[in-house]
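One file, final_0.cif, is given below (mmCIF, C-alpha atoms).
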```cif
data_data
#
loop_
_atom_site.group_PDB
_atom_site.id
_atom_site.type_symbol
_atom_site.label_atom_id
_atom_site.label_comp_id
_atom_site.auth_asym_id
_atom_site.auth_seq_id
_atom_site.Cartn_x
_atom_site.Cartn_y
_atom_site.Cartn_z
ATOM 1 C CA MET A 279 -29.782 11.435 42.751
ATOM 2 C CA ARG A 280 -30.143 14.141 45.402
ATOM 3 C CA SER A 281 -33.635 15.260 46.306
ATOM 4 C CA SER A 282 -35.178 17.881 48.546
ATOM 5 C CA SER A 283 -37.260 15.159 50.193
ATOM 6 C CA LYS A 284 -36.495 14.354 53.839
ATOM 7 C CA PHE A 285 -34.940 10.926 53.387
ATOM 8 C CA LEU A 286 -33.549 11.278 56.893
ATOM 9 C CA SER A 287 -35.379 13.424 59.393
ATOM 10 C CA LEU A 288 -34.053 16.956 59.706
ATOM 11 C CA ALA A 289 -34.074 16.440 63.466
ATOM 12 C CA LEU A 290 -31.468 13.706 63.047
ATOM 13 C CA VAL A 291 -29.321 15.916 60.808
ATOM 14 C CA VAL A 292 -29.319 18.743 63.336
ATOM 15 C CA ALA A 293 -28.734 16.406 66.283
ATOM 16 C CA VAL A 294 -25.600 14.816 64.883
ATOM 17 C CA THR A 295 -24.074 17.969 63.406
ATOM 18 C CA ALA A 296 -24.760 20.499 66.139
ATOM 19 C CA THR A 297 -23.054 18.478 68.890
ATOM 20 C CA ALA A 298 -19.647 19.781 69.914
ATOM 21 C CA CYS A 299 -16.724 17.908 68.377
ATOM 22 C CA ALA A 300 -14.660 16.298 71.148
ATOM 23 C CA GLU A 301 -10.954 15.491 71.050
ATOM 24 C CA SER A 302 -10.136 12.671 68.630
ATOM 25 C CA ASP A 303 -8.838 10.365 71.384
ATOM 26 C CA ALA A 304 -11.623 11.108 73.879
ATOM 27 C CA PRO A 305 -13.761 8.152 75.015
ATOM 28 C CA LEU A 306 -17.259 7.894 73.605
ATOM 29 C CA SER A 307 -19.700 10.102 75.469
ATOM 30 C CA ASP A 308 -23.352 9.476 76.257
ATOM 31 C CA GLU A 309 -24.171 11.839 73.382
ATOM 32 C CA ASP A 310 -22.071 9.713 71.000
ATOM 33 C CA TYR A 311 -23.979 6.571 71.941
ATOM 34 C CA ASP A 312 -27.306 8.408 71.799
ATOM 35 C CA ASP A 313 -26.521 9.735 68.307
ATOM 36 C CA ILE A 314 -25.640 6.271 67.005
ATOM 37 C CA ALA A 315 -28.785 4.742 68.522
ATOM 38 C CA LEU A 316 -30.841 7.543 66.967
ATOM 39 C CA SER A 317 -29.148 6.964 63.608
ATOM 40 C CA ILE A 318 -29.868 3.227 63.657
ATOM 41 C CA GLY A 319 -33.470 3.853 64.661
ATOM 42 C CA ALA A 320 -34.029 6.482 61.963
ATOM 43 C CA THR A 321 -32.178 4.866 59.064
ATOM 44 C CA THR A 322 -32.899 1.196 59.644
ATOM 45 C CA LEU A 323 -36.050 0.662 61.666
ATOM 46 C CA ALA A 324 -38.264 3.659 60.842
ATOM 47 C CA GLY A 325 -39.341 2.587 57.376
ATOM 48 C CA GLY A 326 -35.719 2.472 56.261
ATOM 49 C CA GLU A 327 -33.867 -0.727 55.557
ATOM 50 C CA LEU A 328 -36.483 -2.898 57.235
ATOM 51 C CA GLY A 329 -39.195 -0.966 55.430
ATOM 52 C CA ALA A 330 -38.060 -2.830 52.316
ATOM 53 C CA ILE A 331 -38.957 -6.230 53.775
ATOM 54 C CA PRO A 332 -42.697 -6.041 52.925
ATOM 55 C CA ASP A 333 -41.758 -4.970 49.379
ATOM 56 C CA VAL A 334 -39.497 -7.991 48.893
ATOM 57 C CA LEU A 335 -42.090 -10.349 50.380
ATOM 58 C CA ALA A 336 -44.720 -8.963 48.008
ATOM 59 C CA LEU A 337 -42.470 -9.340 44.955
ATOM 60 C CA ALA A 338 -41.461 -12.853 46.005
ATOM 61 C CA THR A 339 -45.102 -13.931 46.109
ATOM 62 C CA GLY A 340 -46.089 -12.334 42.803
ATOM 63 C CA ARG A 341 -47.546 -9.036 44.032
ATOM 64 C CA MET A 342 -46.361 -5.610 42.861
ATOM 65 C CA PRO A 343 -45.849 -3.110 45.712
ATOM 66 C CA ARG A 344 -47.339 0.352 45.362
ATOM 67 C CA GLY A 345 -45.248 2.641 43.176
ATOM 68 C CA PHE A 346 -43.012 -0.079 41.715
ATOM 69 C CA ALA A 347 -42.491 -0.872 38.043
ATOM 70 C CA LEU A 348 -40.706 -3.751 36.332
ATOM 71 C CA ALA A 349 -37.822 -2.621 34.108
ATOM 72 C CA ALA A 350 -36.750 -4.314 30.888
ATOM 73 C CA ASP A 351 -33.698 -5.817 32.609
ATOM 74 C CA GLY A 352 -35.881 -7.596 35.168
ATOM 75 C CA THR A 353 -35.215 -5.214 38.074
ATOM 76 C CA TYR A 354 -37.928 -3.463 40.039
ATOM 77 C CA HIS A 355 -37.724 0.302 40.458
ATOM 78 C CA ALA A 356 -39.554 2.883 42.550
ATOM 79 C CA GLU A 357 -39.052 6.450 43.711
ATOM 80 C CA ARG A 358 -40.503 7.159 47.131
ATOM 81 C CA GLU A 359 -40.065 10.344 49.147
ATOM 82 C CA GLY A 360 -36.985 11.231 47.133
ATOM 83 C CA ARG A 361 -35.419 7.785 47.439
ATOM 84 C CA ASP A 362 -34.444 5.864 44.314
ATOM 85 C CA GLN A 363 -35.056 2.189 45.049
ATOM 86 C CA ASP A 364 -33.942 -0.761 42.923
ATOM 87 C CA TYR A 365 -34.649 -4.402 43.786
ATOM 88 C CA THR A 366 -33.908 -7.767 42.232
ATOM 89 C CA VAL A 367 -35.706 -10.930 43.352
ATOM 90 C CA THR A 368 -35.185 -14.551 42.297
ATOM 91 C CA CYS A 369 -37.511 -17.252 43.580
ATOM 92 C CA HIS A 370 -37.413 -21.020 44.176
ATOM 93 C CA ASP A 371 -40.153 -23.570 44.817
ATOM 94 C CA ALA A 372 -40.377 -26.340 47.421
ATOM 95 C CA GLU A 373 -38.024 -28.513 45.330
ATOM 96 C CA ASP A 374 -35.567 -25.581 45.229
ATOM 97 C CA ALA A 375 -36.109 -25.237 41.485
ATOM 98 C CA LEU A 376 -35.686 -21.734 40.067
ATOM 99 C CA LEU A 377 -39.062 -20.228 39.157
ATOM 100 C CA ALA A 378 -39.491 -18.292 35.921
ATOM 101 C CA VAL A 379 -42.011 -16.053 37.702
ATOM 102 C CA CYS A 380 -42.292 -15.450 41.445
ATOM 103 C CA GLY A 381 -45.699 -16.406 42.798
ATOM 104 C CA SER A 382 -47.689 -18.161 45.484
ATOM 105 C CA ASP A 383 -45.500 -21.283 45.246
ATOM 106 C CA THR A 384 -42.303 -19.432 46.248
ATOM 107 C CA THR A 385 -40.645 -21.023 49.273
ATOM 108 C CA ARG A 386 -37.232 -19.312 49.047
ATOM 109 C CA ALA A 387 -36.237 -15.938 47.598
ATOM 110 C CA ASP A 388 -32.912 -14.161 47.110
ATOM 111 C CA SER A 389 -32.963 -10.394 46.721
ATOM 112 C CA THR A 390 -30.772 -7.338 46.375
ATOM 113 C CA VAL A 391 -31.861 -3.900 47.537
ATOM 114 C CA ALA A 392 -30.294 -0.537 46.649
ATOM 115 C CA TRP A 393 -31.474 2.889 47.838
ATOM 116 C CA MET A 394 -30.182 6.419 47.333
ATOM 117 C CA GLY A 395 -31.524 9.738 48.603
ATOM 118 C CA GLY A 396 -30.825 12.928 50.506
ATOM 119 C CA ILE A 397 -31.842 16.476 51.314
ATOM 120 C CA ASP A 398 -30.578 19.754 49.874
ATOM 121 C CA LEU A 399 -31.438 22.858 51.898
ATOM 122 C CA PRO A 400 -29.681 26.252 52.024
ATOM 123 C CA LEU A 401 -27.729 25.472 55.207
ATOM 124 C CA VAL A 402 -28.031 21.684 55.460
ATOM 125 C CA THR A 403 -27.230 19.034 52.869
ATOM 126 C CA SER A 404 -27.076 15.279 53.193
ATOM 127 C CA ALA A 405 -26.746 12.195 51.032
ATOM 128 C CA SER A 406 -27.171 8.547 51.881
ATOM 129 C CA ALA A 407 -26.995 5.187 50.146
ATOM 130 C CA ARG A 408 -27.617 1.624 51.184
ATOM 131 C CA THR A 409 -27.270 -1.811 49.640
ATOM 132 C CA ALA A 410 -28.432 -5.174 50.939
ATOM 133 C CA THR A 411 -28.255 -8.818 49.926
ATOM 134 C CA TRP A 412 -30.986 -10.873 51.574
ATOM 135 C CA ALA A 413 -32.112 -14.503 51.541
ATOM 136 C CA PHE A 414 -35.627 -15.415 52.697
ATOM 137 C CA THR A 415 -36.674 -18.975 53.513
ATOM 138 C CA ASP A 416 -39.916 -20.619 54.727
ATOM 139 C CA LEU A 417 -42.070 -18.181 52.757
ATOM 140 C CA LEU A 418 -45.038 -20.587 52.729
ATOM 141 C CA SER A 419 -45.205 -20.567 56.524
ATOM 142 C CA ASP A 420 -46.486 -17.822 58.809
ATOM 143 C CA THR A 421 -42.929 -16.841 59.755
ATOM 144 C CA ALA A 422 -40.106 -16.482 57.238
ATOM 145 C CA THR A 423 -36.415 -16.367 58.121
ATOM 146 C CA LEU A 424 -34.134 -13.622 56.821
ATOM 147 C CA GLU A 425 -30.349 -13.913 56.574
ATOM 148 C CA GLY A 426 -27.967 -11.573 54.788
ATOM 149 C CA THR A 427 -25.807 -8.482 54.867
ATOM 150 C CA SER A 428 -26.170 -4.778 54.173
ATOM 151 C CA ALA A 429 -24.119 -1.588 54.041
ATOM 152 C CA PHE A 430 -25.101 2.027 54.620
ATOM 153 C CA THR A 431 -23.346 5.392 54.222
ATOM 154 C CA TYR A 432 -24.572 8.798 55.319
ATOM 155 C CA ASP A 433 -22.912 12.209 54.902
ATOM 156 C CA THR A 434 -24.211 15.579 55.981
ATOM 157 C CA GLU A 435 -22.939 19.146 56.205
ATOM 158 C CA GLN A 436 -24.458 21.916 58.292
ATOM 159 C CA ARG A 437 -23.442 25.573 58.041
ATOM 160 C CA ILE A 438 -24.133 28.085 60.830
ATOM 161 C CA PRO A 439 -23.003 31.490 59.466
ATOM 162 C CA GLU A 440 -23.652 33.450 62.668
ATOM 163 C CA ARG A 441 -21.189 31.165 64.487
ATOM 164 C CA ASP A 442 -18.788 30.890 61.535
ATOM 165 C CA LEU A 443 -19.211 27.125 61.852
ATOM 166 C CA VAL A 444 -19.157 24.319 59.307
ATOM 167 C CA SER A 445 -19.966 20.905 60.729
ATOM 168 C CA THR A 446 -19.692 17.650 58.783
ATOM 169 C CA TYR A 447 -20.740 14.175 59.838
ATOM 170 C CA HIS A 448 -20.023 10.851 58.150
ATOM 171 C CA LEU A 449 -21.519 7.570 59.305
ATOM 172 C CA ASP A 450 -21.226 4.182 57.699
ATOM 173 C CA TYR A 451 -21.991 0.688 58.845
ATOM 174 C CA THR A 452 -22.050 -2.897 57.739
ATOM 175 C CA ALA A 453 -24.771 -5.173 59.054
ATOM 176 C CA HIS A 454 -25.177 -8.930 59.368
ATOM 177 C CA TYR A 455 -28.670 -10.427 59.717
ATOM 178 C CA ASP A 456 -28.796 -13.441 62.018
ATOM 179 C CA ALA A 457 -31.958 -15.570 61.732
ATOM 180 C CA VAL A 458 -34.319 -12.587 61.670
ATOM 181 C CA GLU A 459 -37.860 -13.946 61.998
ATOM 182 C CA VAL A 460 -40.374 -12.060 59.851
ATOM 183 C CA ASP A 461 -44.152 -12.268 60.057
ATOM 184 C CA VAL A 462 -45.114 -12.992 56.444
ATOM 185 C CA ALA A 463 -48.517 -11.281 56.654
ATOM 186 C CA SER A 464 -47.245 -7.945 58.009
ATOM 187 C CA GLY A 465 -43.585 -8.037 56.987
ATOM 188 C CA ARG A 466 -42.515 -7.064 60.518
ATOM 189 C CA PRO A 467 -39.572 -8.701 62.310
ATOM 190 C CA ASN A 468 -40.474 -10.468 65.549
ATOM 191 C CA GLY A 469 -37.272 -12.321 66.404
ATOM 192 C CA GLY A 470 -33.590 -12.667 65.597
ATOM 193 C CA SER A 471 -30.957 -9.948 65.499
ATOM 194 C CA ILE A 472 -28.777 -7.665 63.363
ATOM 195 C CA HIS A 473 -25.135 -6.991 64.199
ATOM 196 C CA TYR A 474 -23.661 -3.631 63.136
ATOM 197 C CA GLU A 475 -20.097 -2.389 62.811
ATOM 198 C CA VAL A 476 -20.402 1.403 62.854
ATOM 199 C CA SER A 477 -17.800 4.027 61.881
ATOM 200 C CA VAL A 478 -18.256 7.748 62.524
ATOM 201 C CA GLU A 479 -16.231 10.786 61.437
ATOM 202 C CA HIS A 480 -17.239 14.192 62.783
ATOM 203 C CA ALA A 481 -15.612 17.556 62.077
ATOM 204 C CA GLN A 482 -16.345 21.117 63.137
ATOM 205 C CA ASN A 483 -14.078 23.526 61.276
ATOM 206 C CA ALA A 484 -10.533 22.312 62.099
ATOM 207 C CA ALA A 485 -11.550 19.981 64.958
ATOM 208 C CA LYS A 486 -11.960 16.364 63.855
ATOM 209 C CA ARG A 487 -12.911 13.117 65.520
ATOM 210 C CA ALA A 488 -13.383 9.507 64.414
ATOM 211 C CA PHE A 489 -14.451 6.366 66.258
ATOM 212 C CA GLU A 490 -15.926 2.907 65.756
ATOM 213 C CA VAL A 491 -18.443 0.928 67.780
ATOM 214 C CA ALA A 492 -20.351 -2.353 67.509
ATOM 215 C CA ALA A 493 -24.122 -2.419 67.975
ATOM 216 C CA ASP A 494 -26.693 -5.207 68.136
ATOM 217 C CA VAL A 495 -30.395 -4.877 67.353
ATOM 218 C CA THR A 496 -32.514 -7.661 68.858
ATOM 219 C CA PHE A 497 -36.129 -8.001 67.744
ATOM 220 C CA GLN A 498 -38.885 -8.940 70.163
ATOM 221 C CA SER A 499 -42.061 -10.910 69.570
ATOM 222 C CA GLY A 500 -44.242 -7.913 70.418
ATOM 223 C CA GLY A 501 -42.863 -5.907 67.505
ATOM 224 C CA GLY A 502 -40.312 -3.830 69.397
ATOM 225 C CA ALA A 503 -36.537 -4.045 69.445
ATOM 226 C CA THR A 504 -33.534 -3.165 71.564
ATOM 227 C CA ILE A 505 -30.183 -1.657 70.562
ATOM 228 C CA THR A 506 -27.178 -2.683 72.672
ATOM 229 C CA MET A 507 -23.782 -0.944 72.553
ATOM 230 C CA ASP A 508 -21.006 -1.492 75.101
ATOM 231 C CA GLY A 509 -23.516 -2.465 77.773
ATOM 232 C CA ARG A 510 -25.887 0.427 77.024
ATOM 233 C CA VAL A 511 -29.401 -0.649 76.064
ATOM 234 C CA TYR A 512 -31.969 1.384 74.137
ATOM 235 C CA ARG A 513 -35.566 0.516 73.385
ATOM 236 C CA VAL A 514 -36.821 1.047 69.845
ATOM 237 C CA ASP A 515 -40.295 1.133 68.381
ATOM 238 C CA ALA A 516 -39.711 -1.024 65.290
ATOM 239 C CA VAL A 517 -42.504 0.790 63.409
ATOM 240 C CA THR A 518 -41.724 4.452 64.175
ATOM 241 C CA GLY A 519 -38.006 4.101 64.937
ATOM 242 C CA LEU A 520 -38.378 6.155 68.136
ATOM 243 C CA VAL A 521 -35.494 5.441 70.509
ATOM 244 C CA SER A 522 -35.623 5.671 74.302
ATOM 245 C CA ARG A 523 -33.569 4.558 77.264
ATOM 246 C CA PRO A 524 -35.160 1.986 79.609
#
```

Translate the structure described by the file into structure tokens.
Amino acid sequence: MRSSSKFLSLALVVAVTATACAESDAPLSDEDYDDIALSIGATTLAGGELGAIPDVLALATGRMPRGFALAADGTYHAEREGRDQDYTVTCHDAEDALLAVCGSDTTRADSTVAWMGGIDLPLVTSASARTATWAFTDLLSDTATLEGTSAFTYDTEQRIPERDLVSTYHLDYTAHYDAVEVDVASGRPNGGSIHYEVSVEHAQNAAKRAFEVAADVTFQSGGGATITMDGRVYRVDAVTGLVSRP
């Protein structure tokens, strides 16, 4: 479902669509790397994919997050800021027995997460969707461990009539979570990493370009993170998603 809510910041939309489209075989520029780092920060760390972690932890321990409702089929649904969110959670106790109801005795939880959203403005439209399959262990300790995979797609179109320009941008990635350590009380990652395989297609009128790049997000104990791509390192505020170069 498309919504007028700003699922992705308008600043990100303008940044990735207003950049000139280079030749298809040109090497990645600093702007290319900056755009990808900005995209990962905005769509994953700034209340995006990792913003779902506290929701899953709450559901796994028998608490209903704000705005969620339990559907007849056992899934949890919410609509936040124009995003349709659907979760499933199954829980196990210390003996690894399946629990009929998730609660305070949950030690392991398996979950699926699905989000959809976008913006629809006169000259800018976008749509995005993500899915994730996560497994949480050690939920009775202070620090849980998250493993799993996710996928994300993002498409936007910007029209600039005074320049007779139509710019489109497609980004998708797959992600693998490697022993991400999560503080159970706050739901914030403080260790481990996520590996991304990113694909980008960018077109401005007849000019088109496509490329792929690998990126690694490494979480730090202080709550921050770094993004590394081809030797380039960016610092990320894991709460706000703001990206900067060291």

List as a PyMOL selection string: which residues have an atom within 10 Å of (-45.9, 3.6, 44.9), counting all atoms listed in the file? chain A and resi 342-347+355-359

Using all atoms listed in the file, which protein or nucleic acid residues come within 10 Å of Gly502 in chain A? Drop anything in the same chain fewer than 4 positions from it, and give the result as a list of chain:residue names. A:Leu323, A:Arg466, A:Pro467, A:Asn468, A:Gly469, A:Thr496, A:Phe497, A:Gln498, A:Arg513, A:Val514, A:Asp515, A:Ala516, A:Val517, A:Thr518, A:Gly519

Considering only C-alpha atoms, can you say which of A:Ala463, A:Leu377, A:Leu399, A:Val458 comes closest to Gln436 in chain A? A:Leu399

Between A:Asp310, A:Asp442, A:Asp456, A:Asp333, which is the closest to Tyr474 in chain A once you count all atoms listed in the file?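 Closest residue, counting all atoms listed in the file: A:Asp456.
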
Nearby residues, (-37.0, -18.6, 62.3) file frame, 9 Å, only C-alpha atoms, as a compact mmCIF listing (two decimals) with C-alpha atoms, in the coordinates of the input:
```txt
# COMPACT_ATOMS: atom_id res chain seq x y z
CA THR A 415 -36.67 -18.98 53.51
CA ASP A 416 -39.92 -20.62 54.73
CA THR A 421 -42.93 -16.84 59.76
CA ALA A 422 -40.11 -16.48 57.24
CA THR A 423 -36.42 -16.37 58.12
CA LEU A 424 -34.13 -13.62 56.82
CA ALA A 457 -31.96 -15.57 61.73
CA VAL A 458 -34.32 -12.59 61.67
CA GLU A 459 -37.86 -13.95 62.00
CA VAL A 460 -40.37 -12.06 59.85
CA GLY A 469 -37.27 -12.32 66.40
CA GLY A 470 -33.59 -12.67 65.60
```

Using only C-alpha atoms, find the one residue out of A:Ala336, A:Ile318, A:Leu306, A:Leu401 that sits nearest to Ser464 in chain A.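 With only C-alpha atoms as the atom set, the closest residue is A:Ala336.
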